[in-house]
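Asks: Structure: input_38.txt, compact mmCIF, C-alpha atoms.
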```txt
# COMPACT_ATOMS: atom_id res chain seq x y z
CA MET O 743 18.72 29.92 166.29
CA GLY O 744 20.91 30.55 163.27
CA ARG O 745 24.04 31.41 165.24
CA GLN O 746 25.79 29.49 168.01
CA VAL O 747 24.99 30.80 171.49
CA GLY O 748 27.39 30.81 174.40
CA ALA O 749 26.66 31.65 178.03
CA VAL O 750 28.95 33.46 180.45
CA ILE O 751 27.91 32.91 184.07
CA VAL O 752 29.50 35.52 186.31
CA ALA O 753 30.01 34.38 189.90
CA ALA O 754 33.00 36.41 191.04
CA GLY O 755 31.43 38.67 193.66
CA ARG O 756 32.03 38.55 197.40
CA GLY O 757 28.40 38.47 198.51
CA GLU O 758 29.08 40.91 201.33
CA ARG O 759 25.37 41.24 202.24
CA MET O 760 24.92 37.51 202.90
CA GLY O 761 25.98 37.66 206.54
CA GLY O 762 29.19 35.69 206.07
CA VAL O 763 27.63 32.99 203.86
CA ASP O 764 29.31 32.37 200.50
CA LYS O 765 26.15 32.48 198.43
CA MET O 766 27.60 30.75 195.37
CA LEU O 767 28.24 27.60 197.39
CA ALA O 768 25.26 28.02 199.73
CA PRO O 769 23.02 24.93 199.68
CA LEU O 770 19.84 25.40 197.70
CA ALA O 771 17.49 22.41 197.37
CA GLY O 772 20.38 20.09 198.16
CA GLU O 773 23.11 21.49 195.91
CA PRO O 774 25.21 24.66 195.59
CA LEU O 775 23.29 27.72 194.43
CA LEU O 776 25.69 28.34 191.55
CA LEU O 777 25.09 24.86 190.19
CA HIS O 778 21.43 25.70 189.57
CA SER O 779 22.43 28.58 187.29
CA ILE O 780 25.04 26.48 185.49
CA ARG O 781 22.65 23.60 184.92
CA ALA O 782 19.90 25.86 183.55
CA PHE O 783 22.14 27.08 180.71
CA HIS O 784 23.95 23.79 180.18
CA ASP O 785 20.65 21.95 179.75
CA CYS O 786 19.09 24.58 177.45
CA GLU O 787 19.16 23.34 173.86
CA ALA O 788 19.72 26.90 172.60
CA VAL O 789 23.13 27.12 174.34
CA ALA O 790 26.15 25.49 172.76
CA GLU O 791 28.71 26.13 175.52
CA VAL O 792 29.04 27.64 178.97
CA VAL O 793 31.89 29.54 180.64
CA VAL O 794 31.87 30.15 184.39
CA VAL O 795 33.73 33.14 185.82
CA THR O 796 34.43 32.99 189.55
CA ARG O 797 36.80 34.12 192.29
CA GLU O 798 40.28 32.68 192.59
CA ASP O 799 39.40 30.94 195.85
CA LEU O 800 36.38 29.26 194.25
CA LEU O 801 38.08 28.03 191.08
CA GLU O 802 38.85 24.57 192.42
CA PRO O 803 35.46 23.92 194.10
CA VAL O 804 33.59 25.09 190.98
CA ARG O 805 35.78 23.02 188.68
CA GLN O 806 35.10 19.97 190.81
CA MET O 807 31.37 20.68 190.41
CA VAL O 808 31.35 20.94 186.63
CA GLU O 809 34.32 18.95 185.34
CA THR O 810 32.24 15.78 185.23
CA PRO O 811 30.47 13.84 182.46
CA GLU O 812 27.24 15.54 183.55
CA PHE O 813 28.40 18.92 182.17
CA PRO O 814 30.14 18.36 178.81
CA ARG O 815 29.12 21.80 177.52
CA VAL O 816 30.87 23.70 180.30
CA ARG O 817 33.88 24.86 178.32
CA ARG O 818 35.98 26.52 181.01
CA VAL O 819 35.99 27.89 184.55
CA VAL O 820 38.08 31.06 184.62
CA PRO O 821 39.08 33.59 187.29
CA GLY O 822 37.22 36.86 187.52
CA GLY O 823 38.59 40.37 187.76
CA ARG O 824 38.39 43.20 190.26
CA THR O 825 35.12 44.48 188.80
CA ARG O 826 32.01 43.06 187.17
CA ALA O 827 33.06 44.52 183.83
CA GLU O 828 36.50 42.91 184.02
CA SER O 829 35.00 39.54 184.98
CA SER O 830 32.63 39.68 182.03
CA ARG O 831 35.54 40.43 179.68
CA HIS O 832 37.36 37.36 181.00
CA GLY O 833 34.27 35.25 180.31
CA LEU O 834 33.84 36.58 176.79
CA ALA O 835 37.48 35.85 175.98
CA ALA O 836 37.08 32.26 177.18
CA LEU O 837 34.27 31.43 174.75
CA SER O 838 35.23 29.57 171.60
CA GLY O 839 35.47 31.44 168.29
CA GLU O 840 32.32 29.78 166.96
CA ILE O 841 30.09 31.60 169.44
CA ALA O 842 28.28 34.50 167.76
CA VAL O 843 25.61 35.32 170.38
CA VAL O 844 26.62 35.80 174.02
CA LEU O 845 24.36 35.57 177.06
CA VAL O 846 25.77 37.00 180.30
CA HIS O 847 24.06 35.82 183.49
CA ASP O 848 24.45 36.49 187.21
CA GLY O 849 25.39 33.25 188.93
CA ALA O 850 23.27 34.43 191.87
CA ARG O 851 20.05 34.08 189.83
CA PRO O 852 19.44 30.34 190.25
CA LEU O 853 15.77 30.27 189.17
CA ILE O 854 16.27 31.27 185.53
CA SER O 855 13.87 29.39 183.24
CA ASP O 856 14.55 27.69 179.95
CA ALA O 857 11.86 29.83 178.33
CA LEU O 858 13.56 33.07 179.35
CA ILE O 859 16.94 31.86 178.08
CA HIS O 860 15.37 31.11 174.69
CA ARG O 861 13.56 34.45 174.64
CA VAL O 862 16.73 36.44 175.30
CA ALA O 863 18.85 34.40 172.87
CA GLU O 864 16.40 34.85 170.01
CA ALA O 865 15.99 38.58 170.66
CA ALA O 866 19.76 39.08 170.89
CA GLU O 867 20.32 37.46 167.51
CA GLU O 868 17.60 39.63 165.99
CA THR O 869 18.33 43.00 167.61
CA GLY O 870 21.99 42.84 168.62
CA ALA O 871 21.44 43.68 172.28
CA VAL O 872 18.65 42.82 174.72
CA LEU O 873 17.90 42.54 178.39
CA PRO O 874 14.92 41.07 180.28
CA GLY O 875 13.10 43.50 182.53
CA ILE O 876 10.13 43.54 184.87
CA ALA O 877 7.96 46.48 185.83
CA PRO O 878 8.36 47.55 189.48
CA VAL O 879 5.31 46.80 191.63
CA SER O 880 6.06 49.33 194.37
CA THR O 881 5.91 53.08 194.15
CA ILE O 882 9.40 54.39 193.37
CA LYS O 883 10.69 57.61 194.92
CA ARG O 884 13.70 59.71 193.97
CA ALA O 885 15.57 60.71 197.09
CA GLU O 886 17.64 63.78 197.84
CA GLY O 887 19.38 63.01 201.09
CA ASP O 888 16.70 62.02 203.57
CA VAL O 889 13.90 63.67 201.61
CA CYS O 890 11.62 62.27 198.89
CA ALA O 891 12.25 64.61 195.97
CA ALA O 892 9.89 63.06 193.45
CA THR O 893 7.64 60.10 192.66
CA LEU O 894 8.71 58.35 189.49
CA ASP O 895 6.34 57.01 186.87
CA ARG O 896 6.43 53.23 187.25
CA ALA O 897 5.03 52.73 183.77
CA SER O 898 8.32 53.88 182.25
CA LEU O 899 10.59 51.94 184.64
CA ARG O 900 11.98 48.42 184.40
CA GLU O 901 14.05 46.36 186.78
CA ALA O 902 16.91 44.86 184.77
CA GLN O 903 17.55 41.13 185.01
CA THR O 904 19.91 38.65 183.41
CA PRO O 905 20.72 36.91 181.14
CA GLN O 906 21.52 39.90 178.97
CA GLY O 907 22.11 38.91 175.37
CA PHE O 908 24.30 40.38 172.61
CA ARG O 909 25.75 39.65 169.26
CA ARG O 910 29.35 38.97 170.06
CA GLU O 911 30.76 41.84 168.05
CA VAL O 912 28.42 44.33 169.76
CA LEU O 913 29.47 43.24 173.24
CA ALA O 914 33.16 42.98 172.37
CA ARG O 915 33.20 46.49 170.94
CA ALA O 916 31.52 47.97 174.01
CA MET O 917 33.81 46.11 176.41
CA ALA O 918 36.90 47.24 174.55
CA ALA O 919 35.76 50.86 174.87
CA ASP O 920 35.21 50.41 178.60
CA ALA O 921 38.68 48.95 179.02
CA ARG O 922 40.25 51.89 177.17
CA ASP O 923 38.28 54.47 179.16
CA GLY O 924 38.57 52.77 182.52
CA SER O 925 34.79 52.85 182.97
CA ASN O 926 33.09 50.36 185.25
CA PRO O 927 29.46 49.74 184.22
CA THR O 928 27.31 47.71 186.59
CA ASP O 929 26.00 45.46 183.81
CA GLU O 930 26.72 44.64 180.20
CA ALA O 931 23.67 46.50 178.89
CA SER O 932 25.01 49.72 180.41
CA SER O 933 28.26 49.18 178.57
CA VAL O 934 26.48 48.60 175.25
CA GLU O 935 24.21 51.62 175.79
CA ARG O 936 27.29 53.76 176.40
CA SER O 937 28.74 52.58 173.07
CA GLY O 938 25.69 53.95 171.27
CA THR O 939 23.91 50.68 170.51
CA PRO O 940 20.26 50.56 171.61
CA VAL O 941 19.30 47.74 173.96
CA ALA O 942 15.95 46.09 173.40
CA LEU O 943 13.69 44.87 176.21
CA VAL O 944 11.95 41.53 176.59
CA GLU O 945 9.69 40.50 179.43
CA GLY O 946 11.55 39.08 182.41
CA GLU O 947 10.26 36.81 185.17
CA ARG O 948 9.51 37.69 188.79
CA ARG O 949 10.82 34.35 189.99
CA ASN O 950 14.18 35.13 188.35
CA LEU O 951 15.32 36.74 191.59
CA LYS O 952 18.90 37.61 192.47
CA VAL O 953 20.05 36.15 195.78
CA THR O 954 21.60 39.09 197.61
CA VAL O 955 20.62 38.70 201.28
CA PRO O 956 19.86 35.58 203.35
CA GLU O 957 16.11 36.11 202.99
CA ASP O 958 16.46 35.76 199.20
CA LEU O 959 17.99 32.32 199.66
CA ALA O 960 15.00 31.27 201.78
CA ILE O 961 12.61 32.54 199.09
CA ALA O 962 14.46 30.62 196.38
CA GLU O 963 14.41 27.46 198.51
CA THR O 964 10.67 27.75 198.98
CA ILE O 965 9.97 28.37 195.29
CA LEU O 966 11.97 25.28 194.35
CA ALA O 967 10.10 23.31 197.00
CA GLY O 968 6.73 24.08 195.47
CA GLY O 969 6.20 27.78 195.25
CA ARG O 970 4.36 28.57 198.46
CA PRO O 971 5.25 31.96 199.92
CA VAL O 972 7.88 31.99 202.61
CA ARG O 973 6.30 32.79 205.97
CA ALA O 974 7.31 32.37 209.60
CA LEU O 975 5.60 29.35 211.21
CA ARG O 976 4.27 28.81 214.73
CA VAL O 977 2.70 25.77 216.42
CA GLY O 978 0.19 25.64 219.27
CA VAL O 979 -1.64 22.96 221.27
CA GLY O 980 -5.15 23.32 222.69
CA VAL O 981 -7.11 21.07 225.08
CA ASP O 982 -10.75 21.43 226.17
CA THR O 983 -13.14 19.35 228.29
CA HIS O 984 -16.91 19.57 228.91
CA ARG O 985 -19.38 17.53 230.95
CA LEU O 986 -22.15 15.51 229.33
CA GLU O 987 -25.58 16.38 230.73
CA PRO O 988 -29.18 15.56 229.77
CA GLY O 989 -31.12 18.32 228.09
CA CYS O 990 -28.12 19.87 226.34
CA PRO O 991 -27.48 19.61 222.58
CA LEU O 992 -24.37 17.75 221.53
CA VAL O 993 -22.45 20.05 219.18
CA LEU O 994 -19.03 19.08 217.80
CA GLY O 995 -17.30 20.99 215.03
CA GLY O 996 -20.51 22.88 214.38
CA VAL O 997 -22.50 19.68 213.83
CA THR O 998 -25.48 18.91 216.09
CA ILE O 999 -25.39 15.15 216.72
CA PRO O 1000 -28.41 13.16 217.96
CA PHE O 1001 -27.69 11.81 221.46
CA ASP O 1002 -29.45 11.50 224.81
CA ARG O 1003 -27.04 13.97 226.40
CA GLY O 1004 -25.04 16.99 225.32
CA LEU O 1005 -22.07 19.03 226.43
CA ALA O 1006 -22.72 21.67 229.08
CA GLY O 1007 -21.18 25.12 229.01
CA HIS O 1008 -21.74 28.86 228.85
CA SER O 1009 -21.46 28.79 225.05
CA ASP O 1010 -22.58 25.90 222.87
CA ALA O 1011 -19.85 23.83 224.61
CA ASP O 1012 -18.40 22.69 221.26
CA VAL O 1013 -15.37 21.02 222.79
CA LEU O 1014 -13.77 20.40 219.38
CA SER O 1015 -14.00 24.01 218.18
CA HIS O 1016 -12.86 25.29 221.59
CA ALA O 1017 -9.72 23.13 221.51
CA VAL O 1018 -8.93 24.44 218.04
CA CYS O 1019 -9.38 28.04 219.28
CA ASP O 1020 -6.95 27.43 222.14
CA ALA O 1021 -4.40 25.83 219.81
CA LEU O 1022 -4.56 28.82 217.45
CA LEU O 1023 -4.29 31.37 220.26
CA GLY O 1024 -1.44 29.44 221.85
CA ALA O 1025 0.51 29.39 218.62
CA ALA O 1026 0.17 33.17 218.39
CA ALA O 1027 1.09 33.57 222.09
CA ALA O 1028 -2.20 35.46 222.37
CA GLY O 1029 -3.61 33.97 225.56
CA ASP O 1030 -6.42 31.42 225.59
CA ILE O 1031 -10.13 31.14 224.95
CA GLY O 1032 -10.97 32.14 228.51
CA ASP O 1033 -9.06 35.41 228.12
CA HIS O 1034 -10.97 36.45 225.02
CA PHE O 1035 -14.37 34.80 225.55
CA PRO O 1036 -14.80 34.39 229.34
CA ASP O 1037 -17.71 32.27 230.57
CA ASP O 1038 -18.85 35.02 232.96
CA ASP O 1039 -19.47 37.46 230.10
CA PRO O 1040 -23.09 37.42 228.87
CA ARG O 1041 -21.95 38.30 225.34
CA TRP O 1042 -20.70 34.75 224.87
CA LYS O 1043 -23.70 32.92 226.31
CA GLY O 1044 -24.80 30.35 223.75
CA VAL O 1045 -22.29 31.55 221.14
CA SER O 1046 -21.39 28.92 218.55
CA GLY O 1047 -17.97 27.37 218.26
CA ALA O 1048 -17.86 28.46 214.61
CA ASP O 1049 -18.32 32.09 215.68
CA LEU O 1050 -15.51 31.76 218.21
CA LEU O 1051 -13.26 30.27 215.53
CA ARG O 1052 -13.91 33.23 213.22
CA ARG O 1053 -13.27 35.69 216.03
CA THR O 1054 -10.06 33.84 216.89
CA VAL O 1055 -8.86 34.18 213.30
CA ALA O 1056 -9.46 37.94 213.54
CA ILE O 1057 -7.31 38.04 216.69
CA LEU O 1058 -4.56 36.16 214.88
CA ARG O 1059 -4.62 38.63 211.99
CA GLU O 1060 -3.91 41.45 214.44
CA SER O 1061 -0.79 39.53 215.48
CA GLY O 1062 0.23 39.11 211.85
CA TYR O 1063 -0.57 35.40 211.58
CA GLY O 1064 -3.20 33.16 210.02
CA PRO O 1065 -4.16 29.46 210.25
CA ALA O 1066 -2.28 27.06 208.00
CA HIS O 1067 -3.27 23.59 209.25
CA VAL O 1068 -5.25 22.03 212.11
CA ASP O 1069 -5.23 18.48 213.44
CA ALA O 1070 -7.70 17.66 216.24
CA THR O 1071 -8.78 14.56 218.14
CA VAL O 1072 -12.04 14.12 220.08
CA SER O 1073 -12.09 11.62 222.98
CA ALA O 1074 -15.59 10.19 223.47
CA GLU O 1075 -16.99 6.79 224.38
CA LYS O 1076 -20.36 7.37 222.69
CA PRO O 1077 -22.00 8.14 220.27
CA ARG O 1078 -20.22 7.06 217.10
CA LEU O 1079 -18.77 10.23 215.58
CA ALA O 1080 -17.00 9.09 212.41
CA PRO O 1081 -20.09 9.49 210.16
CA HIS O 1082 -20.04 13.23 210.96
CA ARG O 1083 -16.33 13.78 210.25
CA ALA O 1084 -16.66 15.32 206.78
CA GLU O 1085 -19.22 17.88 207.94
CA MET O 1086 -17.08 18.82 210.96
CA VAL O 1087 -14.03 19.26 208.77
CA ALA O 1088 -15.99 21.41 206.32
CA ASN O 1089 -17.38 23.63 209.10
CA ILE O 1090 -14.01 24.20 210.77
CA ALA O 1091 -12.27 24.82 207.46
CA ASP O 1092 -14.92 27.37 206.50
CA ALA O 1093 -14.60 29.21 209.81
CA LEU O 1094 -10.80 29.33 209.52
CA GLY O 1095 -10.70 30.25 205.83
CA LEU O 1096 -8.85 27.06 204.94
CA SER O 1097 -9.43 24.36 202.36
CA PRO O 1098 -10.76 21.10 203.89
CA ASP O 1099 -7.50 19.31 203.09
CA ARG O 1100 -5.85 21.50 205.75
CA VAL O 1101 -8.13 20.34 208.57
CA SER O 1102 -7.96 16.90 210.16
CA VAL O 1103 -10.45 15.59 212.73
CA GLN O 1104 -9.93 12.25 214.46
CA PHE O 1105 -11.86 10.32 217.09
CA THR O 1106 -10.82 7.97 219.87
CA THR O 1107 -12.18 6.30 223.00
CA THR O 1108 -10.47 5.69 226.34
CA GLU O 1109 -11.45 2.01 226.48
CA GLY O 1110 -13.82 2.67 229.38
CA LEU O 1111 -11.21 4.44 231.48
CA GLY O 1112 -11.62 7.77 233.24
CA PHE O 1113 -14.43 10.30 233.01
CA VAL O 1114 -14.61 9.88 229.22
CA GLY O 1115 -14.84 6.13 229.54
CA ARG O 1116 -17.60 6.43 232.12
CA GLY O 1117 -19.56 8.69 229.76
CA GLU O 1118 -19.31 11.71 232.06
CA GLY O 1119 -17.83 14.03 229.48
CA MET O 1120 -15.78 14.52 226.34
CA SER O 1121 -12.42 16.13 225.66
CA ALA O 1122 -10.59 17.33 222.57
CA THR O 1123 -6.97 18.06 221.78
CA ALA O 1124 -5.86 20.15 218.81
CA VAL O 1125 -2.58 21.11 217.21
CA ALA O 1126 -2.55 24.22 215.00
CA LEU O 1127 0.04 25.52 212.61
CA LEU O 1128 0.11 29.26 211.93
CA GLU O 1129 1.98 31.07 209.21
CA GLU O 1130 2.83 34.72 208.82
CA SER O 1131 -0.24 36.33 207.32
CA LEU O 1132 -0.42 37.96 203.90
CA PHE O 1133 -3.41 40.01 205.06
CA GLY O 1134 -2.75 43.71 205.06
CA VAL O 1135 -0.39 43.55 202.06
CA GLU O 1136 -1.47 46.20 199.60
CA ALA O 1137 -2.89 44.69 196.42
CA GLU O 1138 -1.77 45.93 193.05
```
Translate the structure described by the file into structure tokens.
Replies:
Amino acid sequence: MGRQVGAVIVAAGRGERMGGVDKMLAPLAGEPLLLHSIRAFHDCEAVAEVVVVTREDLLEPVRQMVETPEFPRVRRVVPGGRTRAESSRHGLAALSGEIAVVLVHDGARPLISDALIHRVAEAAEETGAVLPGIAPVSTIKRAEGDVCAATLDRASLREAQTPQGFRREVLARAMAADARDGSNPTDEASSVERSGTPVALVEGERRNLKVTVPEDLAIAETILAGGRPVRALRVGVGVDTHRLEPGCPLVLGGVTIPFDRGLAGHSDADVLSHAVCDALLGAAAAGDIGDHFPDDDPRWKGVSGADLLRRTVAILRESGYGPAHVDATVSAEKPRLAPHRAEMVANIADALGLSPDRVSVQFTTTEGLGFVGRGEGMSATAVALLEESLFGVEAE
């Protein structure tokens, strides 16, 4: 960068769609949301100084946040105006005279990356005015009242983001014209466009979301925690028991294990897979294995536990959920089951559409106590975690 870059972070809105939560101070990964935006620009080597514009009632809390040795490049915290345009003018005026390129950013976009800041700053110095934009992924309709009047061409549309970058004189000239005319543009690029200066586009980032409603805050929290999609979670517990009898195969987790007796039942009596099925169905509040695969129905005679697991997953999908994690324990006195653990885990994971690291199988004895200890049968207990399914979401 040949010219000094300053950032104006605008955080003067009321956040009226946040359900009474002040989003600028809302906790996000352990600290106020606004602080994430401030830190991103403060720590970017392309930015020489930062000005924060906020509401009168937030001046003191924000100053306490940034007036520390950790933020030497935060030049000032200043009060905003009645409109976005007025707040941006206050921020521009608070920058030092050495600043020649100005980046204006929504304080409610806490996930801004260092790479995007650099991209906008460099393009602003080169072109005079630039904004980052992303192509919409949904079909966009133009409405007339309650009627769809037209379908717009997504290829020519962009969703505007911040930071928006400008040579200082370009932005100052446009803002001065707005102040004279009493116009109230919704962003700085609109103001510059109105002044007759073209605004260039650079590629934005989908993770650079603006926190507007409570769900946005949850999405931001999840992205910062590792990037997994935010989904509702449910937990279920399943228990199953079968008798041991001579002449029956011993099948656990889809593995046929050599033994002088096996588990008796209408199906293959895979007590481990059946417990997992019940845990999954319980988490979805979708009944139990007996409701869906009753032992008096000839369709399920001899059916494998793996097949029942796959059918259970299909039932979950209809409820809008899918498996996320399973932990199961088999209680058996004999035979020794640990050598077969990896194969059981692989079979269950495959049937559920999970990676093996999301399936746990454990084994225990009852120290000779009860029907398990006497070798009369085996039991299994499973805990399943479900998450809201992404199935059914239209692919691009």
Asks: Just the residues within 9 Å of region 1060-1077 of chain O, please, counting all atoms listed in the file, with nothing from its chain fewer than 3 positions along; format it as a PDB file with C-alpha atoms, keeping the file's coordinate frame.
Replies:
```pdb
ATOM      1  CA  ALA O 974       7.310  32.370 209.600  1.00  0.00           C
ATOM      2  CA  LEU O 975       5.600  29.350 211.210  1.00  0.00           C
ATOM      3  CA  ARG O 976       4.270  28.810 214.730  1.00  0.00           C
ATOM      4  CA  GLY O 980      -5.150  23.320 222.690  1.00  0.00           C
ATOM      5  CA  LEU O 994     -19.030  19.080 217.800  1.00  0.00           C
ATOM      6  CA  ILE O 999     -25.390  15.150 216.720  1.00  0.00           C
ATOM      7  CA  PRO O1000     -28.410  13.160 217.960  1.00  0.00           C
ATOM      8  CA  PHE O1001     -27.690  11.810 221.460  1.00  0.00           C
ATOM      9  CA  VAL O1013     -15.370  21.020 222.790  1.00  0.00           C
ATOM     10  CA  LEU O1014     -13.770  20.400 219.380  1.00  0.00           C
ATOM     11  CA  ALA O1017      -9.720  23.130 221.510  1.00  0.00           C
ATOM     12  CA  VAL O1018      -8.930  24.440 218.040  1.00  0.00           C
ATOM     13  CA  ALA O1021      -4.400  25.830 219.810  1.00  0.00           C
ATOM     14  CA  LEU O1022      -4.560  28.820 217.450  1.00  0.00           C
ATOM     15  CA  ALA O1026       0.170  33.170 218.390  1.00  0.00           C
ATOM     16  CA  ALA O1028      -2.200  35.460 222.370  1.00  0.00           C
ATOM     17  CA  VAL O1055      -8.860  34.180 213.300  1.00  0.00           C
ATOM     18  CA  ALA O1056      -9.460  37.940 213.540  1.00  0.00           C
ATOM     19  CA  ILE O1057      -7.310  38.040 216.690  1.00  0.00           C
ATOM     20  CA  ALA O1091     -12.270  24.820 207.460  1.00  0.00           C
ATOM     21  CA  LEU O1094     -10.800  29.330 209.520  1.00  0.00           C
ATOM     22  CA  GLY O1095     -10.700  30.250 205.830  1.00  0.00           C
ATOM     23  CA  LEU O1096      -8.850  27.060 204.940  1.00  0.00           C
ATOM     24  CA  ASP O1099      -7.500  19.310 203.090  1.00  0.00           C
ATOM     25  CA  ARG O1100      -5.850  21.500 205.750  1.00  0.00           C
ATOM     26  CA  VAL O1101      -8.130  20.340 208.570  1.00  0.00           C
ATOM     27  CA  SER O1102      -7.960  16.900 210.160  1.00  0.00           C
ATOM     28  CA  VAL O1103     -10.450  15.590 212.730  1.00  0.00           C
ATOM     29  CA  GLN O1104      -9.930  12.250 214.460  1.00  0.00           C
ATOM     30  CA  PHE O1105     -11.860  10.320 217.090  1.00  0.00           C
ATOM     31  CA  THR O1106     -10.820   7.970 219.870  1.00  0.00           C
ATOM     32  CA  THR O1107     -12.180   6.300 223.000  1.00  0.00           C
ATOM     33  CA  THR O1108     -10.470   5.690 226.340  1.00  0.00           C
ATOM     34  CA  GLU O1109     -11.450   2.010 226.480  1.00  0.00           C
ATOM     35  CA  GLY O1110     -13.820   2.670 229.380  1.00  0.00           C
ATOM     36  CA  VAL O1114     -14.610   9.880 229.220  1.00  0.00           C
ATOM     37  CA  GLY O1115     -14.840   6.130 229.540  1.00  0.00           C
ATOM     38  CA  ARG O1116     -17.600   6.430 232.120  1.00  0.00           C
ATOM     39  CA  GLY O1117     -19.560   8.690 229.760  1.00  0.00           C
ATOM     40  CA  GLY O1119     -17.830  14.030 229.480  1.00  0.00           C
ATOM     41  CA  MET O1120     -15.780  14.520 226.340  1.00  0.00           C
ATOM     42  CA  SER O1121     -12.420  16.130 225.660  1.00  0.00           C
ATOM     43  CA  ALA O1122     -10.590  17.330 222.570  1.00  0.00           C
ATOM     44  CA  THR O1123      -6.970  18.060 221.780  1.00  0.00           C
ATOM     45  CA  ALA O1124      -5.860  20.150 218.810  1.00  0.00           C
ATOM     46  CA  VAL O1125      -2.580  21.110 217.210  1.00  0.00           C
ATOM     47  CA  ALA O1126      -2.550  24.220 215.000  1.00  0.00           C
ATOM     48  CA  LEU O1127       0.040  25.520 212.610  1.00  0.00           C
ATOM     49  CA  LEU O1128       0.110  29.260 211.930  1.00  0.00           C
ATOM     50  CA  GLU O1129       1.980  31.070 209.210  1.00  0.00           C
ATOM     51  CA  GLU O1130       2.830  34.720 208.820  1.00  0.00           C
ATOM     52  CA  SER O1131      -0.240  36.330 207.320  1.00  0.00           C
ATOM     53  CA  LEU O1132      -0.420  37.960 203.900  1.00  0.00           C
ATOM     54  CA  PHE O1133      -3.410  40.010 205.060  1.00  0.00           C
ATOM     55  CA  GLY O1134      -2.750  43.710 205.060  1.00  0.00           C
TER      56      GLY O1134
END
```
Asks: Taking into account only C-alpha atoms, which residue in the set O:Ala835, O:Ala960, O:Val1045, O:Val816 is nearest to His1008 (chain O)?
Replies: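 Looking at the shortest contact to His1008 (chain O), the residue is O:Val1045.
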Asks: Return the single residue from O:Glu1118, O:Gly1044, O:Val752, O:Arg949 that is closest to Glu987 (chain O), with distances computed using all atoms listed in the file.
Replies: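 Counting all atoms listed in the file, the residue closest to Glu987 (chain O) is O:Glu1118.
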Asks: Using only C-alpha atoms, which residues sit within 12 Å of Glu864 (chain O) once same-chain residues fewer than 4 positions away are excluded, as a compact mmCIF listing (two decimals) with C-alpha atoms, in the frame of the given file?
Replies:
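The resulting file, part.txt, is reproduced below:
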```txt
# COMPACT_ATOMS: atom_id res chain seq x y z
CA MET O 743 18.72 29.92 166.29
CA GLY O 744 20.91 30.55 163.27
CA ARG O 745 24.04 31.41 165.24
CA GLN O 746 25.79 29.49 168.01
CA VAL O 747 24.99 30.80 171.49
CA ALA O 788 19.72 26.90 172.60
CA VAL O 789 23.13 27.12 174.34
CA VAL O 843 25.61 35.32 170.38
CA VAL O 844 26.62 35.80 174.02
CA LEU O 845 24.36 35.57 177.06
CA ALA O 857 11.86 29.83 178.33
CA LEU O 858 13.56 33.07 179.35
CA ILE O 859 16.94 31.86 178.08
CA HIS O 860 15.37 31.11 174.69
CA GLU O 868 17.60 39.63 165.99
CA THR O 869 18.33 43.00 167.61
CA GLY O 870 21.99 42.84 168.62
CA ALA O 871 21.44 43.68 172.28
CA VAL O 872 18.65 42.82 174.72
CA LEU O 873 17.90 42.54 178.39
CA GLN O 906 21.52 39.90 178.97
CA GLY O 907 22.11 38.91 175.37
CA PHE O 908 24.30 40.38 172.61
CA ARG O 909 25.75 39.65 169.26
CA ALA O 942 15.95 46.09 173.40
CA VAL O 944 11.95 41.53 176.59
```
Asks: In Å to one decimal, how far is CA of Gly996 (chain O) from CA of Leu1079 (chain O)?
Replies: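 Result for CA of Leu1079 (chain O) versus CA of Gly996 (chain O): 12.8 Å, one decimal.
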Asks: Provide the CA of Ala790 (chain O) to CA of Gly875 (chain O) distance in Å, to one decimal place.
Replies: 24.3 Å
Asks: Kindly indicate which residue among O:Leu992, O:Ala921, O:Ala749, O:Ala916 lies nearest to Arg936 (chain O), using all atoms listed in the file for the distances.
Replies: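 Of O:Leu992, O:Ala921, O:Ala749, O:Ala916, the one nearest Arg936 (chain O), counting all atoms listed in the file, is O:Ala916.
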Asks: Hey, can you check how far CA of Glu945 (chain O) sits from CA of Glu930 (chain O)?
Replies: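 According to the coordinates, CA of Glu945 (chain O) and CA of Glu930 (chain O) are separated by 17.5 Å.
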Asks: Give the answer as one residue: which of O:Arg831, O:Arg818, O:Arg759, O:His1082 has the shortest atom-to-atom distance to Gly995 (chain O), using only C-alpha atoms?
Replies: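 The closest residue to Gly995 (chain O) is O:His1082.
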Asks: Give as a ChimeraX atom specification every residue, naming chains and numbers as the document does, that has an atom within 6 Å of (41.7, 33.0, 188.8), counting all atoms listed in the file.
Replies: /O:798,820-821
Asks: Show me the residues around (9.7, 37.3, 183.6) - criterion: an atom at most 12 Å away, all atoms listed in the file counted - as a ChimeraX atom specification.
Replies: /O:853-859,861-862,873-878,900-905,943-951
Asks: Considering all atoms listed in the file, state which residue in the set O:Pro803, O:Gly823, O:Gly849, O:Gly1112 is at the smallest distance from Lys952 (chain O).
Replies: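 Once distances to Lys952 (chain O) are computed over all atoms listed in the file, the minimum belongs to O:Gly849.
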Asks: Can you work out which one of O:Ser779, O:Gln806, O:Ser1015, O:Thr825 has the shortest atom-to-atom distance to Arg756 (chain O), counting all atoms listed in the file?
Replies: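 Checking each of O:Ser779, O:Gln806, O:Ser1015, O:Thr825 against Arg756 (chain O), counting all atoms listed in the file, the winner is O:Thr825.
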